[in-house]
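Beneath this line is the structure, given in structure tokens, with notes to follow.
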Amino acid sequence: TCGLTASAPTNLAHIGSISGKTITWIESTPYPISLSMTRVIVLPDGRILSIGGYTGSVNVNNVYFGTVSGDSITWVAGTPFPILIRAGSLSLLPDGRVLYVGGYGSPSVVANTYFGTISGNTITWVAGTALPTVSYTHSTTILPDGRILVTGGYNASAAMNNTYFGTISGNTITWVAGT
């Protein structure tokens with residue numbers, strides 16, 4: 001795993017080794033730029049995918065793939081994200097695509113969703129159905145039945161206790177509010 005977010009922008013990357021209840025962190029190859037609030041997942045091929053972030057003054061649309069070898073990470077730029085973004089959520093879908101939901105765009109919170117199809121270091125981005133409300137710093141989980149669950153987060157001014165279930169068909173998401 002790789003941790004790239006911090007309270008202040010940084011380019012530090014760490015690899016964690018888990019043993020029982022202990023994680024030992026080793027500093028690795030620095031990330032190409034200093035950021036906070038980027039979103040990171042591990043892809044099925046073992047690479048790291050990082051999208052967006054905040055430099056301390058502006059949002060970015062950077063996309064990087066990281067390949068881990070021992071204690072080193074080789075970073076390679078991917079296809080830029082369609083908008084400047086930070087603090088959305090990033091999930092790996094059962095069909096192998098990635099899904100980015102919401103976030104803090106430029107200049108405000110967004111409800112956008114984007115599907116990404118990965119081929120090597122190229123990502124083809126397609127807009128999906130927006131969330132019913134703007135949201136950033138929320139959590140997403142892919143449920144066993146393939147639906148996406150979005151919980152919590154913030155809108156432009158306050159914390160939210162929203163829960164949404166999304167049923168995905170192609171690039172369309174049918175959103176239903178939960179309790």
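The chains in the structure tokens are called A, B, ... from first to last as shown; in each chain the residues are counted from 1, and the ligands are counted from 1 in the order shown.
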As a ChimeraX atom specification, please: the residues near A:Ala111 (cut-off 7 Å, only C-alpha atoms, same-chain neighbours under 3 positions excluded). /A:102,130-131,133-135
For those residues, write all heavy atoms to a file as a PDB file, in the first residue's frame.
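Here's the written file out.pdb:
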```pdb
ATOM      1  N   GLY A 102     -17.539  12.456  -7.111  1.00  0.00           N
ATOM      2  CA  GLY A 102     -17.553  13.726  -6.390  1.00  0.00           C
ATOM      3  C   GLY A 102     -16.176  14.332  -6.244  1.00  0.00           C
ATOM      4  O   GLY A 102     -15.286  14.117  -7.055  1.00  0.00           O
ATOM      5  N   ALA A 130     -24.258  11.906 -12.269  1.00  0.00           N
ATOM      6  CA  ALA A 130     -23.828  12.629 -11.067  1.00  0.00           C
ATOM      7  C   ALA A 130     -24.543  12.125  -9.827  1.00  0.00           C
ATOM      8  O   ALA A 130     -25.668  11.617  -9.885  1.00  0.00           O
ATOM      9  CB  ALA A 130     -24.093  14.124 -11.240  1.00  0.00           C
ATOM     10  N   LEU A 131     -23.876  12.269  -8.686  1.00  0.00           N
ATOM     11  CA  LEU A 131     -24.515  12.011  -7.389  1.00  0.00           C
ATOM     12  C   LEU A 131     -25.711  12.951  -7.235  1.00  0.00           C
ATOM     13  O   LEU A 131     -25.723  14.033  -7.823  1.00  0.00           O
ATOM     14  CB  LEU A 131     -23.543  12.324  -6.256  1.00  0.00           C
ATOM     15  CG  LEU A 131     -22.591  11.251  -5.775  1.00  0.00           C
ATOM     16  CD1 LEU A 131     -21.558  11.864  -4.829  1.00  0.00           C
ATOM     17  CD2 LEU A 131     -23.322  10.128  -5.108  1.00  0.00           C
ATOM     18  N   THR A 133     -26.273  14.852  -4.842  1.00  0.00           N
ATOM     19  CA  THR A 133     -25.819  16.057  -4.159  1.00  0.00           C
ATOM     20  C   THR A 133     -24.307  16.178  -4.290  1.00  0.00           C
ATOM     21  O   THR A 133     -23.631  15.184  -4.519  1.00  0.00           O
ATOM     22  CB  THR A 133     -26.221  16.035  -2.666  1.00  0.00           C
ATOM     23  OG1 THR A 133     -25.865  17.277  -2.067  1.00  0.00           O
ATOM     24  CG2 THR A 133     -25.537  14.909  -1.920  1.00  0.00           C
ATOM     25  N   VAL A 134     -23.780  17.393  -4.175  1.00  0.00           N
ATOM     26  CA  VAL A 134     -22.330  17.572  -4.194  1.00  0.00           C
ATOM     27  C   VAL A 134     -21.737  16.946  -2.936  1.00  0.00           C
ATOM     28  O   VAL A 134     -22.378  16.928  -1.883  1.00  0.00           O
ATOM     29  CB  VAL A 134     -21.937  19.067  -4.308  1.00  0.00           C
ATOM     30  CG1 VAL A 134     -22.433  19.655  -5.612  1.00  0.00           C
ATOM     31  CG2 VAL A 134     -22.435  19.870  -3.122  1.00  0.00           C
ATOM     32  N   SER A 135     -20.519  16.429  -3.054  1.00  0.00           N
ATOM     33  CA  SER A 135     -19.906  15.777  -1.900  1.00  0.00           C
ATOM     34  C   SER A 135     -18.405  15.621  -2.098  1.00  0.00           C
ATOM     35  O   SER A 135     -17.940  15.340  -3.197  1.00  0.00           O
ATOM     36  CB  SER A 135     -20.529  14.394  -1.688  1.00  0.00           C
ATOM     37  OG  SER A 135     -19.975  13.759  -0.555  1.00  0.00           O
TER      38      SER A 135
END
```
Give me the stretch 44-131 of chain A side of the contact with stretch 168-179 of chain A, cut-off 10 Å, one line per residue showing its nearest atom pair and distance in Å at one decimal, counting only C-alpha atoms, sorted by chain and residue number, as a tab-separated table.
```
residue	atom	partner	partner_atom	distance
A:Leu93	CA	A:Ile168	CA	9.6
A:Leu99	CA	A:Asn171	CA	9.9
A:Thr113	CA	A:Ile173	CA	9.0
A:Tyr114	CA	A:Asn171	CA	8.4
A:Phe115	CA	A:Asn171	CA	6.9
A:Gly116	CA	A:Asn171	CA	9.9
A:Val126	CA	A:Asn171	CA	7.3
A:Ala127	CA	A:Asn171	CA	7.2
A:Gly128	CA	A:Asn171	CA	5.1
A:Thr129	CA	A:Ile173	CA	5.2
A:Ala130	CA	A:Ile173	CA	7.9
A:Leu131	CA	A:Trp175	CA	7.0
```
Coordinates-based distance that separates atom CA of A:Val98 from atom CA of A:Ile41 (Å, one decimal): 9.3 Å
From a DSSP pass on the backbone, collect the residues of stretch 10-176 of chain A flagged as strand (DSSP E) and hand them back as a VMD selection string. chain A and resid 14 to 19 22 to 27 39 to 42 48 to 54 59 to 69 72 to 77 85 to 86 89 to 92 98 to 105 109 to 119 122 to 127 139 to 142 148 to 151 163 to 169 172 to 176
Take the residues just selected and output them with C-alpha atoms as a compact mmCIF listing (two decimals), in the first residue's frame.
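The result, stored in out04.txt:
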```
# COMPACT_ATOMS: atom_id res chain seq x y z
CA HIS A 14 5.67 5.08 2.07
CA ILE A 15 5.32 1.34 1.72
CA GLY A 16 3.79 -0.51 4.65
CA SER A 17 4.54 -4.07 5.69
CA ILE A 18 1.88 -5.71 7.86
CA SER A 19 2.72 -8.27 10.54
CA THR A 22 1.68 -3.92 13.35
CA ILE A 23 2.42 -1.92 10.21
CA THR A 24 6.04 -1.00 9.55
CA TRP A 25 6.37 2.00 7.21
CA ILE A 26 9.36 2.45 4.92
CA GLU A 27 9.95 5.70 3.05
CA ARG A 39 -6.90 9.43 -4.05
CA VAL A 40 -5.02 6.14 -4.37
CA ILE A 41 -6.01 2.53 -5.07
CA VAL A 42 -4.15 -0.66 -5.90
CA ILE A 48 -0.81 1.95 -7.68
CA LEU A 49 -3.19 4.47 -9.29
CA SER A 50 -3.21 8.02 -7.94
CA ILE A 51 -5.66 10.70 -9.10
CA GLY A 52 -5.89 14.45 -8.41
CA GLY A 53 -4.84 16.29 -5.29
CA TYR A 54 -4.14 19.70 -3.84
CA ASN A 59 -6.29 21.43 -7.38
CA VAL A 60 -4.59 19.26 -10.00
CA ASN A 61 -5.77 16.69 -12.54
CA ASN A 62 -2.59 14.61 -12.43
CA VAL A 63 -2.79 10.85 -12.79
CA TYR A 64 0.15 8.63 -11.87
CA PHE A 65 0.73 4.90 -11.96
CA GLY A 66 3.23 3.49 -9.48
CA THR A 67 5.01 0.16 -9.79
CA VAL A 68 6.43 -1.16 -6.53
CA SER A 69 9.66 -3.17 -6.56
CA SER A 72 11.11 1.53 -4.53
CA ILE A 73 8.21 2.91 -6.56
CA THR A 74 8.56 3.84 -10.24
CA TRP A 75 6.06 6.62 -11.05
CA VAL A 76 4.69 7.07 -14.59
CA ALA A 77 2.23 9.78 -15.68
CA ILE A 85 -10.05 17.69 -8.41
CA ARG A 86 -9.21 16.67 -4.86
CA SER A 89 -13.45 8.86 -3.89
CA LEU A 90 -11.80 6.29 -6.12
CA SER A 91 -13.00 2.70 -6.47
CA LEU A 92 -12.13 -0.33 -8.56
CA VAL A 98 -12.20 2.67 -12.02
CA LEU A 99 -14.86 5.05 -10.74
CA TYR A 100 -14.15 8.52 -9.33
CA VAL A 101 -17.08 10.09 -7.44
CA GLY A 102 -17.55 13.73 -6.39
CA GLY A 103 -14.74 15.75 -4.90
CA TYR A 104 -13.70 19.31 -4.45
CA GLY A 105 -13.33 20.68 -7.97
CA VAL A 109 -17.65 20.90 -4.52
CA VAL A 110 -18.93 18.69 -7.36
CA ALA A 111 -21.30 15.74 -7.81
CA ASN A 112 -19.59 14.47 -10.99
CA THR A 113 -18.75 10.82 -11.58
CA TYR A 114 -16.20 9.52 -14.08
CA PHE A 115 -15.52 6.00 -15.29
CA GLY A 116 -11.97 5.17 -16.36
CA THR A 117 -10.93 2.30 -18.59
CA ILE A 118 -7.23 1.53 -18.19
CA SER A 119 -4.96 0.27 -20.96
CA THR A 122 -3.64 5.37 -20.67
CA ILE A 123 -7.07 5.94 -19.15
CA THR A 124 -10.13 6.66 -21.25
CA TRP A 125 -12.43 8.84 -19.12
CA VAL A 126 -16.22 8.88 -19.58
CA ALA A 127 -18.64 10.98 -17.51
CA SER A 139 -16.42 7.07 1.50
CA THR A 140 -17.30 4.62 -1.25
CA THR A 141 -17.44 0.85 -1.16
CA ILE A 142 -18.27 -1.63 -3.89
CA ILE A 148 -21.61 1.28 -5.09
CA LEU A 149 -22.28 2.65 -1.60
CA VAL A 150 -21.47 6.32 -0.93
CA THR A 151 -21.62 7.53 2.68
CA THR A 163 -26.10 7.44 2.15
CA TYR A 164 -26.56 6.57 -1.53
CA PHE A 165 -26.67 3.24 -3.32
CA GLY A 166 -25.71 3.30 -6.99
CA THR A 167 -26.59 0.62 -9.51
CA ILE A 168 -24.19 0.75 -12.45
CA SER A 169 -25.22 -0.11 -16.00
CA THR A 172 -25.11 5.18 -16.12
CA ILE A 173 -25.60 5.08 -12.37
CA THR A 174 -29.08 4.90 -10.86
CA TRP A 175 -28.82 6.52 -7.42
CA VAL A 176 -31.16 5.67 -4.54
```
Separation of atom CA of A:Ser57 from atom CA of A:Met37, in Å and rounded to one decimal: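 Atom-to-atom, atom CA of A:Ser57 and atom CA of A:Met37 are spaced 12.3 Å apart.
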